[in-house]
file model-v9.cif (mmCIF, C-alpha atoms)
data_start
loop_
_atom_site.label_atom_id
_atom_site.label_comp_id
_atom_site.auth_asym_id
_atom_site.auth_seq_id
_atom_site.Cartn_x
_atom_site.Cartn_y
_atom_site.Cartn_z
CA MET A 8 0.00 0.00 0.00
CA SER A 9 1.40 3.40 -0.95
CA THR A 10 2.08 6.04 1.65
CA ARG A 11 -0.62 8.20 0.08
CA ALA A 12 -3.23 5.46 0.40
CA ARG A 13 -2.14 4.90 3.99
CA ALA A 14 -2.60 8.60 4.68
CA ALA A 15 -6.13 8.39 3.27
CA GLY A 16 -6.70 5.42 5.58
CA TRP A 17 -5.88 7.52 8.66
CA VAL A 18 -8.76 9.86 7.87
CA SER A 19 -11.24 7.09 7.17
CA SER A 20 -10.44 5.45 10.52
CA GLN A 21 -11.50 8.53 12.50
CA GLY A 22 -14.06 7.65 15.17
CA HIS A 23 -13.43 3.93 14.78
CA TYR A 24 -12.74 1.69 17.75
CA ALA A 25 -9.08 2.04 18.70
CA GLY A 26 -6.95 -1.06 18.44
CA SER A 27 -4.64 -2.80 20.88
CA VAL A 28 -1.33 -1.22 19.85
CA SER A 29 -2.54 2.36 20.17
CA ARG A 30 -4.08 1.64 23.55
CA LEU A 31 -1.06 -0.26 24.83
CA LEU A 32 1.33 2.51 23.80
CA ALA A 33 -0.94 5.09 25.40
CA PHE A 34 -1.04 3.08 28.61
CA LEU A 35 2.74 2.67 28.65
CA ILE A 36 3.19 6.42 28.27
CA ASP A 37 0.72 6.98 31.09
CA VAL A 38 2.56 4.54 33.32
CA VAL A 39 5.85 6.30 32.69
CA VAL A 40 4.34 9.73 33.23
CA SER A 41 2.33 8.82 36.32
CA PHE A 42 5.25 6.94 37.91
CA SER A 43 7.56 9.83 37.17
CA LEU A 44 5.12 12.31 38.65
CA ALA A 45 4.62 10.11 41.69
CA ALA A 46 8.38 9.77 42.20
CA LEU A 47 8.79 13.49 41.73
CA GLY A 48 6.03 14.17 44.23
CA LEU A 49 7.57 11.90 46.80
CA ALA A 50 10.97 13.47 46.27
CA VAL A 51 9.57 16.98 46.65
CA THR A 52 7.67 15.91 49.77
CA SER A 53 10.84 14.42 51.22
CA LEU A 54 12.79 17.56 50.42
CA VAL A 55 10.19 19.82 52.00
CA ALA A 56 10.04 17.61 55.09
CA GLN A 57 13.81 17.71 55.38
CA VAL A 58 13.87 21.49 55.08
CA VAL A 59 11.05 21.99 57.54
CA THR A 60 11.78 19.29 60.13
CA GLY A 61 15.44 18.53 59.45
CA HIS A 62 14.66 14.84 59.03
CA SER A 63 14.59 13.13 55.67
CA ILE A 64 11.78 10.71 54.82
CA SER A 65 12.77 7.41 53.29
CA TRP A 66 10.05 5.91 51.09
CA ASP A 67 9.92 2.15 51.26
CA ARG A 68 8.09 0.43 48.42
CA THR A 69 6.84 -2.24 50.79
CA ASP A 70 5.35 0.31 53.12
CA ILE A 71 1.57 0.09 53.06
CA ALA A 72 1.23 3.87 53.33
CA VAL A 73 3.34 4.34 50.21
CA ALA A 74 1.27 1.73 48.41
CA ILE A 75 -1.97 3.48 49.38
CA ILE A 76 -0.62 6.88 48.35
CA PHE A 77 0.56 5.43 45.06
CA ALA A 78 -2.79 3.71 44.38
CA ALA A 79 -4.67 6.90 45.21
CA TRP A 80 -2.41 8.87 42.91
CA GLU A 81 -2.92 6.45 40.05
CA PHE A 82 -6.67 6.53 40.61
CA PHE A 83 -6.56 10.32 40.59
CA TYR A 84 -4.35 10.46 37.50
CA PHE A 85 -6.56 8.18 35.40
CA GLY A 86 -9.91 8.98 36.98
CA TYR A 87 -9.52 12.74 36.76
CA SER A 88 -8.20 12.60 33.20
CA TRP A 89 -11.07 10.43 31.97
CA ALA A 90 -13.74 12.33 33.90
CA ALA A 91 -12.45 15.74 32.80
CA SER A 92 -11.61 15.16 29.14
CA GLY A 93 -12.03 11.49 28.33
CA ARG A 94 -8.31 11.04 27.76
CA THR A 95 -5.08 10.76 29.67
CA PHE A 96 -1.77 12.25 28.57
CA GLY A 97 -0.76 9.01 26.87
CA MET A 98 -4.10 8.76 25.10
CA ALA A 99 -3.71 12.34 23.89
CA VAL A 100 -0.31 11.52 22.48
CA LEU A 101 -1.61 8.47 20.62
CA GLY A 102 -4.80 10.26 19.58
CA VAL A 103 -7.37 8.03 21.25
CA ARG A 104 -10.12 8.91 23.69
CA VAL A 105 -12.72 7.28 25.92
CA VAL A 106 -16.38 7.75 24.91
CA CYS A 107 -19.68 6.27 25.98
CA ALA A 108 -20.44 2.91 24.38
CA ASP A 109 -22.83 4.57 21.93
CA GLY A 110 -20.21 7.14 20.89
CA ASN A 111 -21.43 10.16 22.87
CA GLY A 112 -19.07 12.17 25.05
CA LEU A 113 -18.06 10.55 28.30
CA ASP A 114 -20.02 11.44 31.42
CA PRO A 115 -17.68 12.32 34.30
CA TRP A 116 -19.13 9.62 36.53
CA ARG A 117 -18.36 7.00 33.90
CA GLY A 118 -14.75 8.19 33.95
CA VAL A 119 -14.62 7.62 37.69
CA VAL A 120 -16.27 4.17 37.39
CA ARG A 121 -13.80 3.26 34.65
CA ALA A 122 -10.89 4.25 36.89
CA LEU A 123 -12.32 2.14 39.74
CA ALA A 124 -12.86 -0.87 37.45
CA PHE A 125 -9.51 -0.48 35.71
CA PRO A 126 -7.53 -2.61 38.23
CA LEU A 127 -9.96 -5.49 37.69
CA SER A 128 -8.66 -5.93 34.18
CA PHE A 129 -5.21 -6.74 35.61
CA LEU A 130 -6.55 -9.72 37.54
CA PHE A 131 -5.80 -13.22 36.26
CA PHE A 132 -2.73 -12.08 34.31
CA GLY A 133 -4.53 -9.24 32.66
CA LEU A 134 -7.36 -11.35 31.34
CA GLY A 135 -9.65 -8.33 31.34
CA PHE A 136 -7.53 -6.70 28.63
CA LEU A 137 -8.09 -9.61 26.27
CA GLY A 138 -11.35 -7.98 25.27
CA ILE A 139 -9.36 -5.30 23.42
CA LEU A 140 -8.14 -8.02 21.07
CA VAL A 141 -11.12 -10.32 20.72
CA GLN A 142 -14.23 -8.37 21.70
CA ARG A 143 -16.21 -7.08 18.72
CA GLU A 144 -15.93 -3.47 19.86
CA HIS A 145 -12.40 -3.76 21.31
CA ARG A 146 -13.76 -3.21 24.81
CA ALA A 147 -11.81 -4.39 27.85
CA LEU A 148 -13.40 -5.53 31.10
CA HIS A 149 -13.31 -2.05 32.63
CA ASP A 150 -14.96 -0.69 29.46
CA LEU A 151 -17.78 -3.19 29.75
CA ILE A 152 -18.28 -2.35 33.43
CA ALA A 153 -18.27 1.43 32.88
CA GLY A 154 -20.18 1.34 29.58
CA THR A 155 -17.36 2.95 27.65
CA ALA A 156 -15.32 2.41 24.50
CA VAL A 157 -12.08 3.83 23.14
CA THR A 158 -11.96 5.43 19.69
CA TYR A 159 -9.45 7.19 17.47
CA ALA A 160 -9.82 10.93 17.94
CA TRP A 161 -6.73 12.57 16.51
CA ASP A 162 -6.96 15.12 13.74
CA ALA A 163 -6.00 12.74 10.97
CA ARG A 164 -7.26 15.13 8.30
CA ALA A 165 -4.78 17.80 9.36
CA ALA A 166 -2.07 15.17 9.69
CA ARG A 167 -2.76 13.98 6.18
CA ILE A 168 -2.55 17.51 4.80
CA ARG A 169 0.75 17.99 6.63
CA PHE A 170 1.94 14.71 5.19
CA LEU A 171 0.95 15.70 1.63
CA ALA A 172 2.47 19.15 2.12
CA ARG A 173 5.78 17.67 3.26
CA GLU A 174 5.70 15.29 0.31
CA ALA A 175 4.92 18.12 -2.13
CA GLU A 176 7.69 20.30 -0.72
CA ALA A 177 10.17 17.45 -0.84
CA GLY A 178 9.19 16.81 -4.47
CA ALA A 179 9.56 20.48 -5.34
CA GLY A 180 12.96 20.59 -3.62
CA SER A 181 14.29 17.57 -5.52
CA LYS A 182 13.08 19.05 -8.84
CA HIS A 183 14.74 22.34 -7.98
CA ASP A 184 18.01 20.57 -7.13
CA GLY A 185 17.80 18.53 -10.34
CA MET B 14 -113.90 71.62 -71.07
CA PRO B 15 -110.59 73.52 -70.76
CA ASN B 16 -110.16 77.04 -72.04
CA PRO B 17 -108.48 76.98 -75.51
CA ALA B 18 -106.36 79.97 -74.55
CA GLU B 19 -105.13 78.31 -71.38
CA SER B 20 -104.23 75.18 -73.30
CA LEU B 21 -102.26 77.16 -75.76
CA ALA B 22 -100.34 78.96 -73.02
CA GLN B 23 -99.55 75.60 -71.39
CA ARG B 24 -98.07 74.21 -74.57
CA VAL B 25 -96.05 77.39 -75.20
CA ALA B 26 -94.58 77.29 -71.71
CA GLU B 27 -93.57 73.63 -71.99
CA ARG B 28 -91.98 74.39 -75.35
CA VAL B 29 -90.02 77.34 -73.92
CA VAL B 30 -88.77 75.37 -70.90
CA ASP B 31 -87.72 72.56 -73.16
CA LEU B 32 -85.78 74.95 -75.36
CA LEU B 33 -84.23 76.63 -72.32
CA VAL B 34 -83.04 73.36 -70.75
CA ARG B 35 -81.51 72.28 -74.00
CA ALA B 36 -79.69 75.57 -74.24
CA ILE B 37 -78.16 75.34 -70.73
CA ASN B 38 -74.84 73.45 -70.11
CA ILE B 39 -75.67 71.57 -66.93
CA ASN B 40 -72.06 70.61 -66.16
CA GLU B 41 -70.94 74.18 -66.41
CA LEU B 42 -73.80 75.15 -64.15
CA VAL B 43 -72.81 72.56 -61.54
CA LEU B 44 -69.21 73.74 -61.60
CA ARG B 45 -70.44 77.24 -60.84
CA VAL B 46 -72.26 76.03 -57.74
CA ASP B 47 -70.41 76.65 -54.44
CA LEU B 48 -70.85 73.23 -53.00
CA ASN B 49 -69.15 74.15 -49.73
CA ALA B 50 -71.56 77.02 -49.20
CA LEU B 51 -74.38 74.75 -50.13
CA LEU B 52 -73.25 72.07 -47.68
CA GLN B 53 -72.89 74.62 -44.92
CA GLN B 54 -76.57 75.38 -45.33
CA VAL B 55 -77.49 71.72 -45.13
CA ASP B 56 -78.33 70.30 -41.72
CA LEU B 57 -76.27 67.12 -42.11
CA ASP B 58 -77.20 65.78 -38.67
CA LYS B 59 -80.85 65.99 -39.55
CA ALA B 60 -80.18 64.44 -42.93
CA LEU B 61 -78.09 61.62 -41.47
CA GLY B 62 -80.75 61.05 -38.83
CA LYS B 63 -83.09 60.10 -41.61
CA VAL B 64 -80.64 57.58 -43.06
CA ASN B 65 -80.98 53.96 -42.01
CA MET B 66 -77.30 53.32 -41.25
CA ASP B 67 -77.77 49.62 -40.58
CA ALA B 68 -79.34 49.08 -43.92
CA LEU B 69 -76.64 51.17 -45.52
CA LEU B 70 -73.81 49.27 -43.84
CA ALA B 71 -75.47 45.97 -44.67
CA ARG B 72 -75.09 46.85 -48.32
CA VAL B 73 -71.42 47.76 -47.94
CA ASP B 74 -68.74 45.12 -48.47
CA VAL B 75 -66.46 46.12 -45.59
CA ASN B 76 -63.74 43.64 -46.49
CA GLU B 77 -63.50 45.01 -49.99
CA LEU B 78 -63.42 48.49 -48.54
CA ILE B 79 -60.56 47.54 -46.22
CA ASP B 80 -58.69 45.86 -49.05
CA ARG B 81 -58.75 49.16 -50.90
CA VAL B 82 -57.31 51.02 -47.95
CA ASP B 83 -53.54 51.60 -48.04
CA VAL B 84 -52.88 50.75 -44.41
CA ASN B 85 -49.16 51.52 -44.64
CA ALA B 86 -49.83 54.98 -45.98
CA LEU B 87 -52.40 55.46 -43.27
CA LEU B 88 -49.95 54.37 -40.55
CA ASP B 89 -47.26 56.62 -42.02
CA ARG B 90 -49.54 59.55 -41.31
CA VAL B 91 -50.13 58.45 -37.70
CA ASN B 92 -47.94 59.98 -35.02
CA VAL B 93 -47.34 56.80 -33.02
CA ASN B 94 -45.40 58.54 -30.28
CA ALA B 95 -48.18 61.00 -29.68
CA LEU B 96 -50.63 58.14 -29.67
CA LEU B 97 -48.57 56.26 -27.11
CA ASP B 98 -48.24 59.38 -24.98
CA ARG B 99 -52.02 59.51 -24.77
CA ALA B 100 -52.35 55.77 -24.03
CA ASP B 101 -52.45 54.42 -20.50
CA VAL B 102 -49.96 51.62 -21.12
CA ASN B 103 -50.26 50.25 -17.60
CA ALA B 104 -54.00 49.87 -17.94
CA LEU B 105 -53.43 48.29 -21.31
CA LEU B 106 -50.94 45.82 -19.86
CA ASP B 107 -53.31 45.02 -17.01
CA ARG B 108 -55.78 43.80 -19.57
CA VAL B 109 -53.18 41.63 -21.33
CA ASN B 110 -52.97 37.98 -20.36
CA VAL B 111 -49.19 37.76 -20.47
CA ASP B 112 -49.14 34.04 -19.70
CA ALA B 113 -51.40 33.29 -22.61
CA LEU B 114 -49.29 35.56 -24.78
CA LEU B 115 -46.09 33.79 -23.76
CA ASP B 116 -47.70 30.40 -24.33
CA ARG B 117 -48.34 31.41 -27.91
CA ALA B 118 -44.88 32.89 -28.38
CA ASP B 119 -42.01 30.82 -29.71
CA VAL B 120 -39.41 32.07 -27.24
CA ASN B 121 -36.64 30.01 -28.78
CA ALA B 122 -37.24 31.52 -32.17
CA LEU B 123 -37.28 34.94 -30.52
CA LEU B 124 -33.99 34.28 -28.80
CA ASP B 125 -32.48 32.99 -32.04
CA ARG B 126 -33.26 36.34 -33.57
CA ALA B 127 -31.88 38.28 -30.63
CA ASN B 128 -28.34 39.52 -30.78
CA VAL B 129 -27.36 38.58 -27.26
CA ASP B 130 -23.82 39.90 -27.64
CA ALA B 131 -25.11 43.32 -28.60
CA LEU B 132 -27.55 43.17 -25.72
CA LEU B 133 -24.79 42.35 -23.26
CA ASP B 134 -22.60 45.09 -24.70
CA ARG B 135 -25.35 47.54 -23.86
CA ALA B 136 -25.95 46.09 -20.39
CA SER B 137 -24.04 47.40 -17.43
CA VAL B 138 -23.03 44.17 -15.77
CA ASP B 139 -21.46 46.06 -12.89
CA ASP B 140 -24.81 47.67 -12.12
CA VAL B 141 -26.53 44.32 -12.26
CA VAL B 142 -23.97 42.74 -9.94
CA ARG B 143 -24.20 45.69 -7.56
CA ARG B 144 -27.94 45.08 -7.23
CA VAL B 145 -27.42 41.41 -6.36
CA ASP B 146 -27.88 40.55 -2.68
CA VAL B 147 -24.70 38.52 -2.32
CA ASP B 148 -25.49 37.57 1.29
CA ALA B 149 -28.81 36.08 0.23
CA VAL B 150 -27.08 34.19 -2.55
CA LEU B 151 -24.43 32.87 -0.16
CA ASP B 152 -27.11 31.86 2.34
CA ARG B 153 -28.45 29.54 -0.33
CA VAL B 154 -25.02 28.05 -1.04
CA ASP B 155 -24.00 24.89 0.77
CA VAL B 156 -20.48 26.08 1.59
CA ASN B 157 -19.64 22.93 3.54
CA GLY B 158 -20.72 20.79 0.62
CA LEU B 159 -18.66 22.98 -1.69
CA VAL B 160 -15.56 22.69 0.47
CA GLY B 161 -16.13 18.96 0.78
CA ARG B 162 -15.85 18.69 -3.01
CA ILE B 163 -12.39 20.24 -3.05
CA ASP B 164 -9.67 17.77 -3.94
CA MET B 165 -7.24 18.58 -1.14
CA ASP B 166 -4.55 16.39 -2.67
CA LEU B 167 -4.53 18.43 -5.86
CA LEU B 168 -4.84 21.70 -3.97
CA VAL B 169 -1.84 20.95 -1.78
CA GLU B 170 0.25 19.51 -4.60
CA GLN B 171 -0.43 22.05 -7.31
CA THR B 172 -0.37 25.27 -5.32
CA ASP B 173 2.01 26.93 -2.90
CA LEU B 174 -0.38 25.99 -0.14
CA GLY B 175 1.56 22.80 0.49
CA ALA B 176 4.79 24.68 1.10
CA VAL B 177 2.99 27.14 3.38
CA ILE B 178 1.48 24.32 5.43
CA ALA B 179 4.77 22.45 5.56
CA ARG B 180 6.64 25.52 6.82
CA SER B 181 3.99 26.63 9.28
CA SER B 182 3.25 23.27 10.85
CA GLY B 183 6.24 21.19 9.98
CA GLY B 184 7.69 21.01 13.45
CA ALA B 185 9.63 17.91 14.38
CA ALA B 186 7.21 17.20 17.22
CA SER B 187 4.13 17.22 15.04
CA GLU B 188 5.89 15.14 12.42
CA ALA B 189 6.92 12.59 15.06
CA LEU B 190 3.43 12.57 16.53
CA ASP B 191 1.82 12.04 13.12
CA ALA B 192 4.26 9.23 12.43
CA ALA B 193 3.67 7.54 15.81
CA ARG B 194 -0.09 7.74 15.50
CA SER B 195 -0.20 6.57 11.91
CA GLN B 196 2.16 3.68 12.66
CA ALA B 197 0.03 2.68 15.64
CA VAL B 198 -3.13 2.75 13.49
CA GLY B 199 -1.39 0.60 10.91
CA LEU B 200 -0.33 -1.93 13.55
CA ASP B 201 -3.84 -1.94 15.04
CA GLN B 202 -5.30 -2.83 11.67
CA PHE B 203 -2.65 -5.46 11.08
CA ILE B 204 -3.34 -7.16 14.43
CA ASP B 205 -7.11 -6.93 13.94
CA CYS B 206 -6.72 -8.61 10.61
CA TRP B 207 -4.76 -11.51 12.11
CA VAL B 208 -7.05 -11.89 15.13
CA GLY B 209 -9.99 -12.06 12.71
CA ARG B 210 -8.25 -14.83 10.79
CA VAL B 211 -7.39 -16.78 13.93
CA LEU B 212 -10.94 -16.49 15.25
CA ARG B 213 -12.30 -17.19 11.76
CA ARG B 214 -14.68 -14.31 11.84
CA LYS B 215 -17.10 -14.41 8.95
CA HIS B 216 -18.95 -11.18 9.62
CA PRO B 217 -17.26 -7.78 9.64
CA LEU B 218 -16.89 -6.11 13.01
CA PRO B 219 -18.62 -2.82 13.81
CA LEU B 220 -16.20 -0.07 12.90
CA ALA B 221 -17.31 2.60 15.34
CA PRO B 222 -19.96 3.46 17.93
CA PRO B 223 -23.34 4.27 16.33
CA VAL B 224 -23.21 7.99 17.04
CA LEU B 225 -19.78 8.37 15.49
CA LEU B 226 -20.62 6.14 12.55
CA ALA B 227 -23.85 7.94 11.57
CA PRO B 228 -22.32 11.26 10.41
CA ARG B 229 -19.73 9.39 8.35
CA GLU B 230 -22.44 7.40 6.56
CA GLU B 231 -24.43 10.58 5.86
CA SER B 232 -21.40 12.25 4.31
#
call {"tool": "encode", "arguments": {"input": "model-v9.cif", "output": "structure tokens"}}
result
Amino acid sequence: MSTRARAAGWVSSQGHYAGSVSRLLAFLIDVVVSFSLAALGLAVTSLVAQVVTGHSISWDRTDIAVAIIFAAWEFFYFGYSWAASGRTFGMAVLGVRVVCADGNGLDPWRGVVRALAFPLSFLFFGLGFLGILVQREHRALHDLIAGTAVTYAWDARAARIRFLAREAEAGAGSKHDG
Amino acid sequence: MPNPAESLAQRVAERVVDLLVRAININELVLRVDLNALLQQVDLDKALGKVNMDALLARVDVNELIDRVDVNALLDRVNVNALLDRADVNALLDRVNVDALLDRADVNALLDRANVDALLDRASVDDVVRRVDVDAVLDRVDVNGLVGRIDMDLLVEQTDLGAVIARSSGGAASEALDAARSQAVGLDQFIDCWVGRVLRRKHPLPLAPPVLLAPREES
């Protein structure tokens, strides 16, 4: 398939159910970002505590308090992102978003429910995520519970024009050089 | 028994009148009559009142009379402009059934005879355009439909628009983002294809949620 035909395919896939690769990449980005922010938060907290009290705080991964703080942070990171805009940072990068199962915009409460149900998909070696591959609408367990779906939502039309423009300019440049 | 003298006088008088009439030239006498003066003394209205006009007109062959009239010469003597000045053209037009008139007219033949170029030369197109309500015209135009018919590929390739877009939005970040997204979409479709084969799906999967699919189908 030519690059031009592929570019046309981007536009035609707008609004379609997002596939496994896009969602996995988005999730990986979110994990990196949320972990980094969590580590940064803990480091800042430790620094402030040291400045204020003169005692440094050592964060132990096995500490239940750290685990609770981390879980709450992750819930906030995903839950707030989905409730507020239907997408996390990683989803924005990959151009996918969460919508209601019928395609309408996501209600905030569904975003919260999705964040609460999200850990369930990790149970049994991530069996809940298998739905993204085999379910007819690419819906994971937490999607089915919250009544949501994930679709492509990036501006593929603009991307295609940029692609064609770059191609046209490259063609003009090579002709000029020739 | 008549008087013999009276009888003789009667015969003499008849003989004299007869001789007198023979001696007079009637034509010359008629020519010496002032007919105009004579007619002025005649009460024509009274005379015409005694004439049975219907009977008179019944005996007249009007068609033959009209055939003998030189209509062109008659019209040459008519001052048409003065006539039109006196005519109430609006009232006249009110009485005309224009639709019926147009039904009977061969408009194509009329247009064939019209010199449209000469007509347009005489028309002030600028004035006509100035009187056009452009907003009303644009309200009736489906601009979105019009834009949708533009071939963006050709537009970007064959104009400087492509270079403008490339320079204005050709940042490395956007290029990388476009590449990452498009590659991810390609891999999604590739995996979907293989999963469909493994699961031996016979029916196509729904592409999108109903609400997002509907506008695409309409367009």
call {"tool": "atom_distance", "arguments": {"input": "model-v9.cif", "atom1": "CA of Leu212 (chain B)", "atom2": "CA of Tyr24 (chain A)"}}
result
18.4 Å
call {"tool": "interface_residues", "arguments": {"input": "model-v9.cif", "of": "chain A", "to": "chain B", "cutoff": "10 Å", "atoms": "all atoms listed in the file", "output": "ChimeraX atom specification"}}
result
/A:11,13-14,16-17,19-32,100-103,106-112,139-145,156-159,161-163,165-179
call {"tool": "write_last_selection", "arguments": {"input": "model-v9.cif", "atoms": "C-alpha atoms", "output": "PDB file, keeping the file's coordinate frame"}}
result
ATOM      1  CA  ARG A  11      -0.620   8.200   0.080  1.00  0.00           C
ATOM      2  CA  ARG A  13      -2.140   4.900   3.990  1.00  0.00           C
ATOM      3  CA  ALA A  14      -2.600   8.600   4.680  1.00  0.00           C
ATOM      4  CA  GLY A  16      -6.700   5.420   5.580  1.00  0.00           C
ATOM      5  CA  TRP A  17      -5.880   7.520   8.660  1.00  0.00           C
ATOM      6  CA  SER A  19     -11.240   7.090   7.170  1.00  0.00           C
ATOM      7  CA  SER A  20     -10.440   5.450  10.520  1.00  0.00           C
ATOM      8  CA  GLN A  21     -11.500   8.530  12.500  1.00  0.00           C
ATOM      9  CA  GLY A  22     -14.060   7.650  15.170  1.00  0.00           C
ATOM     10  CA  HIS A  23     -13.430   3.930  14.780  1.00  0.00           C
ATOM     11  CA  TYR A  24     -12.740   1.690  17.750  1.00  0.00           C
ATOM     12  CA  ALA A  25      -9.080   2.040  18.700  1.00  0.00           C
ATOM     13  CA  GLY A  26      -6.950  -1.060  18.440  1.00  0.00           C
ATOM     14  CA  SER A  27      -4.640  -2.800  20.880  1.00  0.00           C
ATOM     15  CA  VAL A  28      -1.330  -1.220  19.850  1.00  0.00           C
ATOM     16  CA  SER A  29      -2.540   2.360  20.170  1.00  0.00           C
ATOM     17  CA  ARG A  30      -4.080   1.640  23.550  1.00  0.00           C
ATOM     18  CA  LEU A  31      -1.060  -0.260  24.830  1.00  0.00           C
ATOM     19  CA  LEU A  32       1.330   2.510  23.800  1.00  0.00           C
ATOM     20  CA  VAL A 100      -0.310  11.520  22.480  1.00  0.00           C
ATOM     21  CA  LEU A 101      -1.610   8.470  20.620  1.00  0.00           C
ATOM     22  CA  GLY A 102      -4.800  10.260  19.580  1.00  0.00           C
ATOM     23  CA  VAL A 103      -7.370   8.030  21.250  1.00  0.00           C
ATOM     24  CA  VAL A 106     -16.380   7.750  24.910  1.00  0.00           C
ATOM     25  CA  CYS A 107     -19.680   6.270  25.980  1.00  0.00           C
ATOM     26  CA  ALA A 108     -20.440   2.910  24.380  1.00  0.00           C
ATOM     27  CA  ASP A 109     -22.830   4.570  21.930  1.00  0.00           C
ATOM     28  CA  GLY A 110     -20.210   7.140  20.890  1.00  0.00           C
ATOM     29  CA  ASN A 111     -21.430  10.160  22.870  1.00  0.00           C
ATOM     30  CA  GLY A 112     -19.070  12.170  25.050  1.00  0.00           C
ATOM     31  CA  ILE A 139      -9.360  -5.300  23.420  1.00  0.00           C
ATOM     32  CA  LEU A 140      -8.140  -8.020  21.070  1.00  0.00           C
ATOM     33  CA  VAL A 141     -11.120 -10.320  20.720  1.00  0.00           C
ATOM     34  CA  GLN A 142     -14.230  -8.370  21.700  1.00  0.00           C
ATOM     35  CA  ARG A 143     -16.210  -7.080  18.720  1.00  0.00           C
ATOM     36  CA  GLU A 144     -15.930  -3.470  19.860  1.00  0.00           C
ATOM     37  CA  HIS A 145     -12.400  -3.760  21.310  1.00  0.00           C
ATOM     38  CA  ALA A 156     -15.320   2.410  24.500  1.00  0.00           C
ATOM     39  CA  VAL A 157     -12.080   3.830  23.140  1.00  0.00           C
ATOM     40  CA  THR A 158     -11.960   5.430  19.690  1.00  0.00           C
ATOM     41  CA  TYR A 159      -9.450   7.190  17.470  1.00  0.00           C
ATOM     42  CA  TRP A 161      -6.730  12.570  16.510  1.00  0.00           C
ATOM     43  CA  ASP A 162      -6.960  15.120  13.740  1.00  0.00           C
ATOM     44  CA  ALA A 163      -6.000  12.740  10.970  1.00  0.00           C
ATOM     45  CA  ALA A 165      -4.780  17.800   9.360  1.00  0.00           C
ATOM     46  CA  ALA A 166      -2.070  15.170   9.690  1.00  0.00           C
ATOM     47  CA  ARG A 167      -2.760  13.980   6.180  1.00  0.00           C
ATOM     48  CA  ILE A 168      -2.550  17.510   4.800  1.00  0.00           C
ATOM     49  CA  ARG A 169       0.750  17.990   6.630  1.00  0.00           C
ATOM     50  CA  PHE A 170       1.940  14.710   5.190  1.00  0.00           C
ATOM     51  CA  LEU A 171       0.950  15.700   1.630  1.00  0.00           C
ATOM     52  CA  ALA A 172       2.470  19.150   2.120  1.00  0.00           C
ATOM     53  CA  ARG A 173       5.780  17.670   3.260  1.00  0.00           C
ATOM     54  CA  GLU A 174       5.700  15.290   0.310  1.00  0.00           C
ATOM     55  CA  ALA A 175       4.920  18.120  -2.130  1.00  0.00           C
ATOM     56  CA  GLU A 176       7.690  20.300  -0.720  1.00  0.00           C
ATOM     57  CA  ALA A 177      10.170  17.450  -0.840  1.00  0.00           C
ATOM     58  CA  GLY A 178       9.190  16.810  -4.470  1.00  0.00           C
ATOM     59  CA  ALA A 179       9.560  20.480  -5.340  1.00  0.00           C
TER      60      ALA A 179
END
call {"tool": "residues_around", "arguments": {"input": "model-v9.cif", "residues": "Ile64 (chain A)", "least_positions_apart": "2", "cutoff": "7 Å", "atoms": "all atoms listed in the file", "output": "list in words"}}
result
Ser53, His62 and Trp66 of chain A
call {"tool": "resolve_selection", "arguments": {"input": "model-v9.cif", "expression": "the PyMOL selection byres ((chain A and resi 117) around 8)", "output": "ChimeraX atom specification"}}
result
/A:90,113-116,118-121,153-155
call {"tool": "atom_distance", "arguments": {"input": "model-v9.cif", "atom1": "CA of Trp207 (chain B)", "atom2": "CA of Leu148 (chain A)"}}
result
21.7 Å
call {"tool": "atom_distance", "arguments": {"input": "model-v9.cif", "atom1": "CA of Phe131 (chain A)", "atom2": "CA of His149 (chain A)"}}
result
13.9 Å
call {"tool": "axis_aligned_box", "arguments": {"input": "model-v9.cif", "around": "region 105-118 of chain A", "padding_each_side": "6 Å", "output": "lines of an AutoDock Vina configuration file"}}
result
center_x = -17.8
center_y = 7.6
center_z = 28.7
size_x = 22.1
size_y = 21.4
size_z = 27.6
call {"tool": "closest_residue", "arguments": {"input": "model-v9.cif", "among": "A:Ala160, A:Ile75, A:Ala33, A:Gly61", "to": "Thr95 (chain A)", "atoms": "all atoms listed in the file"}}
result
A:Ala33
call {"tool": "build_atoms", "arguments": {"input": "model-v9.cif", "residues": "region 155-161 of chain A", "atoms": "N, CA and C atoms", "output": "CSV table (one decimal), in the coordinates of the input"}}
result
chain,number,residue,atom,x,y,z
A,155,THR,N,-18.2,2.0,28.5
A,155,THR,CA,-17.4,3.0,27.6
A,155,THR,C,-16.7,2.2,26.5
A,156,ALA,N,-16.1,3.0,25.6
A,156,ALA,CA,-15.3,2.4,24.5
A,156,ALA,C,-14.2,3.4,24.2
A,157,VAL,N,-13.2,2.9,23.5
A,157,VAL,CA,-12.1,3.8,23.1
A,157,VAL,C,-12.0,4.0,21.6
A,158,THR,N,-12.0,5.2,21.1
A,158,THR,CA,-12.0,5.4,19.7
A,158,THR,C,-10.8,6.3,19.3
A,159,TYR,N,-10.5,6.3,18.0
A,159,TYR,CA,-9.4,7.2,17.5
A,159,TYR,C,-10.1,8.6,17.4
A,160,ALA,N,-9.3,9.6,17.9
A,160,ALA,CA,-9.8,10.9,17.9
A,160,ALA,C,-8.8,12.0,17.6
A,161,TRP,N,-7.7,11.6,16.9
A,161,TRP,CA,-6.7,12.6,16.5
A,161,TRP,C,-7.1,13.2,15.2
